[in-house]
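Peer 1: Got a structure for you, written out below as structure tokens; questions coming shortly.
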Amino acid sequence: MSFPLVRMRRLRKSEAMRRMVAETVLNPADFIYPLFVCPGENECQGIGSMPGVNRFSIDALVEECQAVYDLGVPAVILFGIPEHKDALGTEGYSPKGIIPRAVRAIKKAVPGLLVVCDVCLCEYTSHGHCGVLEKGKVHNDATLELLARASVAYAQAGCDIVAPSDMMDGRVWAIREGLDDAGLEDTPIMSYAAKYASAFYGPFREAADSAPQEGDRRGYQMDPPNFREALREVALDVEEGADMLMVKPALPYLDVLSAVRQEFDHPLGAYQVSGEYAMIKAAGQQGWVDEQRVMMESLTCIKRAGADFILTYFAKDAAALLGSR
Ligand code: PBG
């Protein structure tokens, strides 16, 4: 049975027909919106390489969260820019740090919005690495305790999910143990299970002021050529007690995302990172691509490849567009 009996174009004839047979449909509930929180009051600082994305002081952040919630986006993920950085990243795990204060303010004002907290030291360390340095190298095991402390501080402030992005070995286990010891056994862990040492994080590092002063992150984040290794990373995080999984970046790593989807039954997310966003924005502003269509296409394809949820700087724009259809 084939041509002329079969004509694939029959079901592509109209918008209505295409909608009826679409296998993947985006929904505002698919998105998690990343937000940067900075010190001060009434601050809304633009980020040059990420048009449309800002750093907010806590008061302004709360208003932004209300807007996100009103668009039907169920969750935000928070990144903190501290008042002071030091070698041990102290503000990253202080109960009085910027993240616990932001979490309390958001949960009070917009209780229905899920607050995810990124757990990593790079925004808080003066050297910009994701953990404690010893002889110029990030010391894995010394970092674990600090990550666990950060997770406890965020969960005690009321965050709904902690999301370690540091790529230390054993961090999910250490965080689970820390949370459970503090009586926080109901706080889930969303693990950045397969996170690559990617050049696509460039704009984020401007936003969070978190570029390493010396060296790079290739000693702990994954090497882009590796695929099978991602499945091992994910399996380890699952064994250590991860409740949800993530692959990052998204578009250049859809093969990894798709494989993780097939091998594991956990809720799975993908992070469309700052560089992916910046490239679409920049080309859109130049008039070289249709920004709105590339945005929706990229998000749809990430979902098609297997993501249950997508962390994306387009969350608000995409949700608004979906709501208007
Ligand atoms: C912190 C962290 C990073 C991102 C998320 N969490 C930066 C990095 O690992 O260097 C990147 C997100 C993005 O680029 O949008 N470790």
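Chain labels run A, B, ... following the order of the structure tokens; each chain numbers its residues from 1, and ligands are numbered from 1 in the order shown.
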Residues at most 6 Å from ligand 1, using only C-alpha atoms and all ligand atoms? Could they come as a list in words?

Peer 2: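 These are the residues that qualify: Cys120, Cys122, Ser165, Asp166, Tyr201, Phe204, Val273 and Ser274 of chain A.
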
Peer 1: Can you check which residues of range 123-155 of chain A DSSP gives as helix (DSSP H, G or I) on the backbone and send them as number ranges by chain?

Peer 2: A: 140-155

Peer 1: Using the selection just defined, write its residues with C-alpha atoms as a short mmCIF file (atom, residue, chain, number, x, y, z; two decimals), in the first residue's frame.

Peer 2:
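Written output follows (part29.cif):
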```
data_model
loop_
_atom_site.label_atom_id
_atom_site.label_comp_id
_atom_site.auth_asym_id
_atom_site.auth_seq_id
_atom_site.Cartn_x
_atom_site.Cartn_y
_atom_site.Cartn_z
CA ASN A 140 34.53 17.07 45.46
CA ASP A 141 33.88 15.75 48.94
CA ALA A 142 34.45 19.04 50.77
CA THR A 143 31.88 20.62 48.47
CA LEU A 144 29.18 18.03 49.19
CA GLU A 145 28.57 19.22 52.73
CA LEU A 146 28.11 22.81 51.57
CA LEU A 147 25.66 21.77 48.85
CA ALA A 148 23.67 19.85 51.45
CA ARG A 149 23.66 22.89 53.73
CA ALA A 150 22.45 25.12 50.90
CA SER A 151 19.65 22.67 50.09
CA VAL A 152 18.54 22.57 53.71
CA ALA A 153 18.59 26.38 53.97
CA TYR A 154 16.47 26.71 50.81
CA ALA A 155 14.03 23.98 51.82
#
```

Peer 1: So that I can see what lies close to Trp173 in chain A, please list as a list of chain:residue names the residues with an atom at most 10 Å from it, counting only C-alpha atoms and leaving out residues fewer than 3 positions away in the same chain.

Peer 2: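 Once the adjacent positions are removed, what remains is A:Leu144, A:Ala148, A:Asp169, A:Gly170, A:Arg176, A:Glu177, A:Gly178, A:Leu179, A:Ile189, A:Leu236, A:Asp237, A:Val238, A:Glu239, A:Glu240, A:Gly241, A:Ala242.
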
Peer 1: Could you pull out the strand (DSSP E) residues of range 193-266 of chain A from DSSP and send them as a PyMOL selection string?

Peer 2: chain A and resi 193-195+244-248

Peer 1: Closest to Lys281 in chain A among A:Val6, A:Leu231, A:Val21, A:Val53, using only C-alpha atoms?

Peer 2: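 Looking only at the distances to Lys281 in chain A, the closest residue turns out to be A:Val53.
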